[in-house]
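Trainee: One file is attached below, run-v6.cif, containing mmCIF, C-alpha atoms.
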data_model
#
loop_
_atom_site.label_atom_id
_atom_site.label_comp_id
_atom_site.auth_asym_id
_atom_site.auth_seq_id
_atom_site.Cartn_x
_atom_site.Cartn_y
_atom_site.Cartn_z
CA MET A 1 -52.44 28.62 8.61
CA LEU A 2 -55.55 30.40 7.38
CA ASP A 3 -57.49 32.29 10.04
CA ALA A 4 -60.28 30.04 11.35
CA LYS A 5 -62.93 32.76 10.99
CA LEU A 6 -61.90 33.44 7.38
CA ASN A 7 -61.85 29.73 6.59
CA GLU A 8 -65.39 29.39 7.94
CA ARG A 9 -66.53 32.46 5.98
CA ILE A 10 -65.24 31.00 2.71
CA HIS A 11 -66.68 27.57 3.44
CA ARG A 12 -70.11 28.96 4.22
CA VAL A 13 -70.33 31.17 1.14
CA LEU A 14 -69.26 28.30 -1.12
CA SER A 15 -71.89 26.09 0.52
CA PHE A 16 -74.69 28.63 0.02
CA GLN A 17 -74.92 29.41 3.71
CA GLN A 18 -75.03 32.93 5.13
CA PRO A 19 -71.50 33.97 6.21
CA ASP A 20 -70.67 36.48 8.96
CA ARG A 21 -70.06 38.99 6.15
CA VAL A 22 -69.74 38.94 2.37
CA PRO A 23 -66.22 37.76 1.43
CA VAL A 24 -64.13 39.94 -0.87
CA CYS A 25 -62.44 38.25 -3.83
CA ASP A 26 -60.14 40.23 -6.13
CA PHE A 27 -56.77 40.46 -7.83
CA ILE A 28 -54.44 43.48 -7.79
CA ASP A 29 -52.15 44.52 -10.62
CA ASN A 30 -51.69 48.18 -9.71
CA ASP A 31 -48.33 49.45 -8.46
CA LYS A 32 -49.90 52.58 -6.94
CA ILE A 33 -51.94 50.38 -4.64
CA PHE A 34 -48.93 48.26 -3.73
CA HIS A 35 -46.78 51.33 -2.97
CA TYR A 36 -49.57 52.77 -0.83
CA PHE A 37 -49.02 49.89 1.59
CA SER A 38 -45.25 49.59 1.17
CA SER A 39 -42.45 52.15 0.98
CA THR A 40 -39.94 49.86 -0.75
CA ALA A 41 -38.77 50.93 -4.20
CA SER A 42 -38.67 47.42 -5.63
CA LEU A 43 -41.83 45.55 -4.79
CA THR A 44 -41.56 41.99 -3.50
CA LEU A 45 -44.34 39.46 -3.07
CA GLN A 46 -44.38 40.31 0.63
CA ASP A 47 -45.11 43.93 -0.29
CA ARG A 48 -47.97 42.83 -2.50
CA VAL A 49 -49.41 40.66 0.25
CA LYS A 50 -49.52 43.73 2.54
CA ALA A 51 -51.92 45.37 0.09
CA TYR A 52 -54.26 42.37 0.07
CA HIS A 53 -54.32 42.31 3.85
CA GLY A 54 -54.63 46.09 4.15
CA LEU A 55 -57.59 46.23 1.76
CA GLY A 56 -59.35 43.30 3.41
CA ILE A 57 -59.31 40.91 0.44
CA ASP A 58 -60.38 37.45 1.62
CA ILE A 59 -59.62 35.54 -1.60
CA CYS A 60 -56.96 36.31 -4.15
CA TRP A 61 -58.14 34.48 -7.25
CA ARG A 62 -54.81 33.92 -8.99
CA PHE A 63 -51.11 33.87 -8.27
CA GLU A 64 -47.92 34.73 -10.14
CA ARG A 65 -44.69 32.79 -10.10
CA ARG A 66 -42.34 34.38 -7.58
CA ARG A 67 -39.60 36.44 -9.14
CA ASP A 68 -37.29 36.05 -6.16
CA LEU A 69 -36.98 32.28 -6.77
CA ARG A 70 -34.88 32.72 -9.91
CA LEU A 71 -31.67 31.97 -8.02
CA GLU A 72 -33.10 28.57 -7.14
CA GLY A 73 -33.36 27.66 -10.80
CA VAL A 74 -37.09 28.23 -11.19
CA TRP A 75 -36.61 31.02 -13.71
CA SER A 76 -34.89 28.75 -16.19
CA ARG A 77 -37.62 26.15 -15.79
CA MET A 78 -40.27 28.83 -16.30
CA GLN A 79 -38.63 29.83 -19.57
CA LYS A 80 -38.56 26.22 -20.63
CA PHE A 81 -42.22 25.85 -19.71
CA ALA A 82 -43.14 28.95 -21.71
CA LEU A 83 -41.45 27.49 -24.77
CA ARG A 84 -43.18 24.16 -24.25
CA ARG A 85 -46.54 25.90 -24.10
CA GLN A 86 -45.92 27.46 -27.48
CA ARG A 87 -45.35 23.95 -28.82
CA TYR A 88 -48.64 22.84 -27.27
CA ALA A 89 -46.94 20.32 -25.01
CA ALA A 90 -48.34 18.58 -21.95
CA VAL A 91 -47.06 19.78 -18.60
CA THR A 92 -44.33 17.52 -17.20
CA LYS A 93 -44.15 16.07 -13.70
CA GLU A 94 -41.16 18.32 -12.92
CA GLU A 95 -43.04 21.42 -14.04
CA LEU A 96 -46.12 20.39 -12.09
CA ASP A 97 -44.11 19.86 -8.89
CA ASP A 98 -42.37 23.23 -9.29
CA GLU A 99 -45.67 24.98 -9.84
CA PHE A 100 -47.46 23.47 -6.85
CA ASN A 101 -44.52 23.78 -4.48
CA ASP A 102 -44.30 27.46 -5.41
CA TYR A 103 -48.06 27.79 -4.97
CA LYS A 104 -47.87 26.27 -1.50
CA ARG A 105 -45.09 28.70 -0.50
CA GLN A 106 -47.14 31.62 -1.71
CA GLN A 107 -50.26 30.41 0.07
CA LYS A 108 -48.35 30.54 3.35
CA MET A 109 -47.27 34.12 2.62
CA PHE A 110 -50.89 35.21 2.07
CA GLU A 111 -52.05 33.52 5.27
CA PRO A 112 -53.63 34.07 7.72
CA HIS A 113 -55.80 36.88 6.31
CA THR A 114 -56.12 35.96 2.59
CA TYR A 115 -56.74 32.65 0.87
CA LEU A 116 -54.72 32.31 -2.33
CA ALA A 117 -56.80 30.29 -4.78
CA MET A 118 -55.31 28.28 -7.63
CA ALA A 119 -56.12 29.66 -11.08
CA VAL A 120 -55.04 27.83 -14.23
CA ASP A 121 -55.30 28.44 -17.96
CA GLY A 122 -58.27 26.88 -19.68
CA CYS A 123 -58.16 24.82 -22.85
CA LEU A 124 -59.68 27.18 -25.43
CA SER A 125 -58.50 30.79 -25.11
CA ILE A 126 -54.88 29.69 -24.69
CA VAL A 127 -55.13 27.96 -28.09
CA TYR A 128 -56.60 30.92 -29.96
CA HIS A 129 -54.13 33.29 -28.26
CA ASN A 130 -51.17 31.14 -29.28
CA LEU A 131 -52.40 30.60 -32.83
CA GLY A 132 -53.72 34.11 -33.26
CA PHE A 133 -57.47 34.64 -33.40
CA GLU A 134 -57.67 34.98 -37.17
CA GLU A 135 -55.67 31.80 -37.74
CA PHE A 136 -57.75 29.94 -35.15
CA THR A 137 -61.04 30.88 -36.81
CA LYS A 138 -59.71 29.77 -40.20
CA LYS A 139 -58.67 26.40 -38.79
CA MET A 140 -62.12 25.97 -37.25
CA TYR A 141 -63.37 25.45 -40.81
CA THR A 142 -60.34 23.94 -42.53
CA GLU A 143 -58.57 21.91 -39.81
CA LEU A 144 -61.09 21.29 -37.04
CA ILE A 145 -59.44 17.99 -36.09
CA GLU A 146 -56.21 19.88 -35.40
CA ILE A 147 -58.07 22.46 -33.29
CA ASP A 148 -59.63 19.63 -31.27
CA ARG A 149 -56.19 18.05 -30.78
CA LEU A 150 -54.75 21.29 -29.40
CA ILE A 151 -57.72 21.79 -27.07
CA ASP A 152 -57.20 18.20 -25.87
CA VAL A 153 -53.59 18.99 -24.88
CA TYR A 154 -54.62 21.89 -22.66
CA ALA A 155 -57.64 20.03 -21.29
CA GLU A 156 -55.22 17.33 -20.14
CA ASN A 157 -53.09 20.04 -18.48
CA ILE A 158 -56.15 21.22 -16.57
CA TYR A 159 -56.83 17.62 -15.56
CA VAL A 160 -53.36 16.97 -14.12
CA ARG A 161 -53.40 20.28 -12.24
CA ALA A 162 -56.88 19.57 -10.92
CA GLN A 163 -55.77 16.12 -9.84
CA GLU A 164 -52.74 17.55 -8.01
CA PHE A 165 -54.83 20.28 -6.37
CA ALA A 166 -57.28 17.68 -5.08
CA ARG A 167 -54.49 15.35 -3.95
CA ARG A 168 -52.78 18.09 -1.96
CA GLU A 169 -56.10 19.29 -0.47
CA SER A 170 -55.16 22.87 -1.36
CA GLY A 171 -58.58 24.39 -0.74
CA GLU A 172 -62.26 24.45 -1.62
CA VAL A 173 -62.20 26.50 -4.83
CA PHE A 174 -60.33 26.26 -8.15
CA PHE A 175 -60.42 28.93 -10.90
CA ILE A 176 -60.10 28.21 -14.62
CA LYS A 177 -59.29 31.15 -16.91
CA ASP A 178 -60.92 30.80 -20.33
CA ASP A 179 -62.25 33.89 -22.08
CA ILE A 180 -65.27 32.87 -24.14
CA GLY A 181 -67.19 36.15 -24.19
CA PHE A 182 -67.01 39.76 -25.28
CA GLU A 183 -69.26 42.75 -24.66
CA LYS A 184 -72.03 41.55 -27.00
CA GLY A 185 -72.08 37.85 -26.15
CA LEU A 186 -70.13 34.67 -26.78
CA ILE A 187 -67.00 34.83 -28.94
CA PHE A 188 -67.94 31.53 -30.60
CA SER A 189 -71.32 29.99 -31.30
CA LEU A 190 -73.06 28.18 -28.48
CA GLY A 191 -73.05 25.01 -30.61
CA PHE A 192 -69.27 25.12 -31.13
CA LEU A 193 -68.63 25.60 -27.41
CA GLN A 194 -71.05 22.83 -26.45
CA GLN A 195 -69.48 20.38 -28.88
CA HIS A 196 -65.76 21.19 -28.83
CA TRP A 197 -65.03 22.91 -25.51
CA LEU A 198 -67.46 21.99 -22.73
CA PRO A 199 -67.12 18.16 -22.93
CA ARG A 200 -63.34 18.48 -22.59
CA LEU A 201 -63.67 20.92 -19.71
CA GLU A 202 -66.17 18.63 -17.98
CA LYS A 203 -63.73 15.73 -18.23
CA ALA A 204 -60.81 17.87 -17.03
CA ILE A 205 -62.50 18.90 -13.77
CA GLU A 206 -63.51 15.38 -12.70
CA PRO A 207 -60.81 15.16 -9.96
CA LEU A 208 -62.20 18.35 -8.42
CA LYS A 209 -65.82 17.25 -8.58
CA GLU A 210 -64.93 13.96 -6.89
CA LYS A 211 -63.64 15.95 -3.88
CA ASN A 212 -66.51 18.48 -3.93
CA ILE A 213 -64.09 21.30 -4.80
CA LYS A 214 -65.91 24.24 -6.37
CA VAL A 215 -64.87 25.08 -9.93
CA VAL A 216 -65.16 28.71 -11.04
CA LEU A 217 -64.85 29.83 -14.65
CA HIS A 218 -63.16 33.18 -15.18
CA SER A 219 -64.27 34.79 -18.42
CA ALA A 220 -64.70 38.39 -19.45
CA GLY A 221 -67.68 39.47 -21.55
CA ASN A 222 -71.32 38.47 -21.55
CA ILE A 223 -71.55 34.68 -21.17
CA SER A 224 -75.22 34.56 -20.08
CA GLU A 225 -76.26 32.34 -23.01
CA ILE A 226 -74.02 29.45 -21.96
CA ILE A 227 -74.59 29.51 -18.19
CA PRO A 228 -77.13 26.63 -18.11
CA SER A 229 -74.68 24.50 -20.12
CA LEU A 230 -71.83 25.45 -17.76
CA ILE A 231 -73.86 24.29 -14.77
CA SER A 232 -74.72 21.01 -16.52
CA ALA A 233 -71.01 20.44 -17.21
CA GLY A 234 -70.12 20.83 -13.54
CA ILE A 235 -69.00 24.46 -13.37
CA ASP A 236 -70.04 25.78 -9.97
CA GLY A 237 -69.46 29.51 -10.40
CA ILE A 238 -68.50 32.36 -12.69
CA HIS A 239 -66.14 35.31 -12.37
CA PRO A 240 -65.97 38.31 -12.78
CA ILE A 241 -69.57 38.80 -14.08
CA ASP A 242 -68.74 41.60 -16.47
CA ARG A 243 -71.06 44.51 -15.68
CA GLU A 244 -69.67 46.52 -18.60
CA ALA A 245 -70.90 43.74 -20.92
CA GLY A 246 -74.39 43.84 -19.43
CA MET A 247 -74.17 41.04 -16.84
CA ASP A 248 -75.93 41.51 -13.50
CA ALA A 249 -75.12 39.33 -10.51
CA ALA A 250 -78.38 40.13 -8.72
CA ALA A 251 -80.40 38.93 -11.73
CA LEU A 252 -78.27 35.78 -11.97
CA LYS A 253 -78.86 35.12 -8.27
CA LYS A 254 -82.60 35.33 -8.85
CA ASN A 255 -82.49 33.05 -11.90
CA PHE A 256 -80.05 30.38 -10.68
CA ASN A 257 -80.21 30.71 -6.88
CA ASN A 258 -78.06 27.95 -5.34
CA ASP A 259 -76.97 26.46 -8.65
CA LEU A 260 -74.35 29.14 -9.37
CA LEU A 261 -71.65 30.80 -7.28
CA LEU A 262 -71.12 34.45 -8.18
CA PHE A 263 -67.88 36.45 -7.95
CA GLY A 264 -67.39 40.15 -8.71
CA ASN A 265 -69.68 42.41 -10.79
CA ILE A 266 -68.63 45.76 -9.25
CA SER A 267 -67.59 48.25 -11.94
CA LEU A 268 -64.90 50.75 -10.89
CA VAL A 269 -63.75 52.41 -14.12
CA ASN A 270 -65.45 55.77 -14.75
CA ARG A 271 -67.60 55.38 -11.65
CA ASP A 272 -67.88 57.92 -8.84
CA ASN A 273 -67.86 56.99 -5.16
CA GLU A 274 -71.64 57.16 -4.86
CA ASN A 275 -72.13 54.78 -7.78
CA ILE A 276 -69.61 52.31 -6.34
CA ARG A 277 -71.31 52.46 -2.96
CA ASP A 278 -74.73 51.90 -4.56
CA GLN A 279 -73.43 48.80 -6.35
CA ILE A 280 -72.07 47.41 -3.08
CA GLN A 281 -75.33 48.02 -1.21
CA ASN A 282 -77.35 46.46 -4.02
CA HIS A 283 -75.29 43.27 -3.99
CA ILE A 284 -75.32 42.93 -0.23
CA LYS A 285 -79.12 43.29 -0.32
CA ASN A 286 -79.97 41.30 -3.45
CA THR A 287 -77.07 38.96 -4.27
CA SER A 288 -75.47 37.86 -1.01
CA VAL A 289 -78.54 36.44 0.77
CA ASN A 290 -77.94 32.81 1.79
CA GLY A 291 -74.33 32.90 0.61
CA GLY A 292 -73.06 32.08 -2.85
CA TYR A 293 -71.66 35.55 -3.58
CA CYS A 294 -68.18 37.08 -3.17
CA MET A 295 -67.79 40.83 -3.58
CA GLY A 296 -65.24 41.99 -6.12
CA SER A 297 -64.50 44.14 -9.14
CA CYS A 298 -65.52 43.05 -12.62
CA SER A 299 -62.05 43.69 -14.05
CA GLY A 300 -59.50 43.20 -11.28
CA ILE A 301 -57.66 46.13 -9.71
CA THR A 302 -55.58 46.73 -12.79
CA LYS A 303 -53.52 49.74 -13.89
CA ASP A 304 -56.65 51.09 -15.61
CA VAL A 305 -58.51 51.41 -12.31
CA PRO A 306 -57.96 54.88 -10.81
CA PHE A 307 -56.10 54.75 -7.51
CA GLN A 308 -58.78 56.69 -5.61
CA ALA A 309 -61.59 54.55 -7.06
CA ALA A 310 -59.86 51.39 -5.86
CA LEU A 311 -59.36 52.74 -2.33
CA SER A 312 -62.93 54.06 -2.24
CA PHE A 313 -64.24 50.64 -3.28
CA PHE A 314 -62.62 48.74 -0.44
CA SER A 315 -63.37 51.49 2.09
CA ALA A 316 -67.01 51.51 1.04
CA ILE A 317 -67.27 47.72 1.51
CA LYS A 318 -66.12 48.09 5.12
CA GLU A 319 -68.39 51.09 5.74
CA VAL A 320 -71.52 49.47 4.29
CA GLU A 321 -70.96 46.19 6.15
CA SER A 322 -70.50 48.04 9.46
CA LEU A 323 -73.92 49.72 9.20
#
Here is a file; write its structure as structure tokens.
Mentor:
Amino acid sequence: MLDAKLNERIHRVLSFQQPDRVPVCDFIDNDKIFHYFSSTASLTLQDRVKAYHGLGIDICWRFERRRDLRLEGVWSRMQKFALRRQRYAAVTKEELDDEFNDYKRQQKMFEPHTYLAMAVDGCLSIVYHNLGFEEFTKKMYTELIEIDRLIDVYAENIYVRAQEFARRESGEVFFIKDDIGFEKGLIFSLGFLQQHWLPRLEKAIEPLKEKNIKVVLHSAGNISEIIPSLISAGIDGIHPIDREAGMDAAALKKNFNNDLLLFGNISLVNRDNENIRDQIQNHIKNTSVNGGYCMGSCSGITKDVPFQAALSFFSAIKEVESL
């Protein structure tokens, strides 16, 4: 069971109420960090969980299928699912049950100190990744009906996962991964996204909106231009607020106030400890007032993040909040 104090902290920040402290939301994909908290040669999920707890991460924003469940037959079903995805097929009931049962098991492993949020693929970037970006952009002009059909398939997959998440009462926040931006702005025109992507996304998240579950869009790049449209479509928050692409969470807080939940925005790559600390202090002062903000990196703690920078980041959060 999730720690009662942590559960209250998450609830308050999602409800735009001042929490006892700013929650930390991040994802780790850095073996040096994992080995810092575990001496085992072959890392297990339990070893990874130790790092989340040791660093003080309140929300892990995505999960990976457990490798140690292969003997139970999950590995073969995962391979089958991967092949089905390449054929743009709808998720089956069997696959959905496997996924959510595995998710529930992992949630229990992260408890009581970290909430493991569900994060699912969106309905646009998965299509252009599978087709190849060049082929996708060609089909936008020559076979737009086919592009719409493929987006529909993945929008339906979001819908059934959203419906299952709501039915199981798995938490208050649901992440959708759909990269629509790059460092200079939106990958596609605002008009294309408003006509061919957002209406399908809006329909897909209806089961979540009915239960007042907060929906957070994960997208790299600068997506500032589409934020008002995202809010109108029912998206409650954005992640990771890419500072390297010019996005600023404090400015977004000022512009959108309680209409937009904010996650991340701390840049760690090529930043010294003083710069990281300044970013943290700025967000605590200007972004976290009256809730609505979760502290985190703007890239995840990936292999590209220097080991010392990652440790300094989480240490600085604790130091600044204790002042």
Trainee: Could you spell out the hits of the PyMOL selection byres ((chain A and resi 212-220) around 6) on the shown file, as a ChimeraX atom specification?
Mentor: /A:172-179,181,208-211,221,235-239,242
Trainee: Go ahead and compute the interatomic distance for CA of Val13 (chain A) and CA of Leu261 (chain A), in Å to one decimal.
Mentor: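 Separation between CA of Val13 (chain A) and CA of Leu261 (chain A): 8.5 Å.
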Trainee: Neighbours of Asp26 (chain A) within 7 Å (all atoms listed in the file; same-chain residues fewer than 6 positions away dropped), as a list of chain:residue names?
Mentor: A:Ile57, A:Ile59, A:Cys60, A:Trp61, A:Gly296, A:Ser297, A:Gly300
Trainee: Grab the CA of Glu164 (chain A) to CA of Pro207 (chain A) distance for me, in Å with one decimal place.
Mentor: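 Distance reported for this atom pair: 8.6 Å.
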Trainee: Give the answer as one residue: which of A:Ile223, A:Leu144, A:Cys123, A:Val269 has the shortest atom-to-atom distance to Trp197 (chain A), using only C-alpha atoms?
Mentor: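 With only C-alpha atoms as the atom set, the closest residue is A:Cys123.
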Trainee: So that I can see what lies close to region 27-36 of chain A, please list as JSON, numbers by chain the residues with an atom at most 9 Å from it, counting all atoms listed in the file and leaving out residues fewer than 5 positions away in the same chain.
Mentor: {"A": [41, 43, 47, 48, 49, 50, 51, 52, 57, 59, 60, 61, 62, 63, 296, 297, 299, 300, 301, 302, 303, 304, 305, 307, 310, 311]}
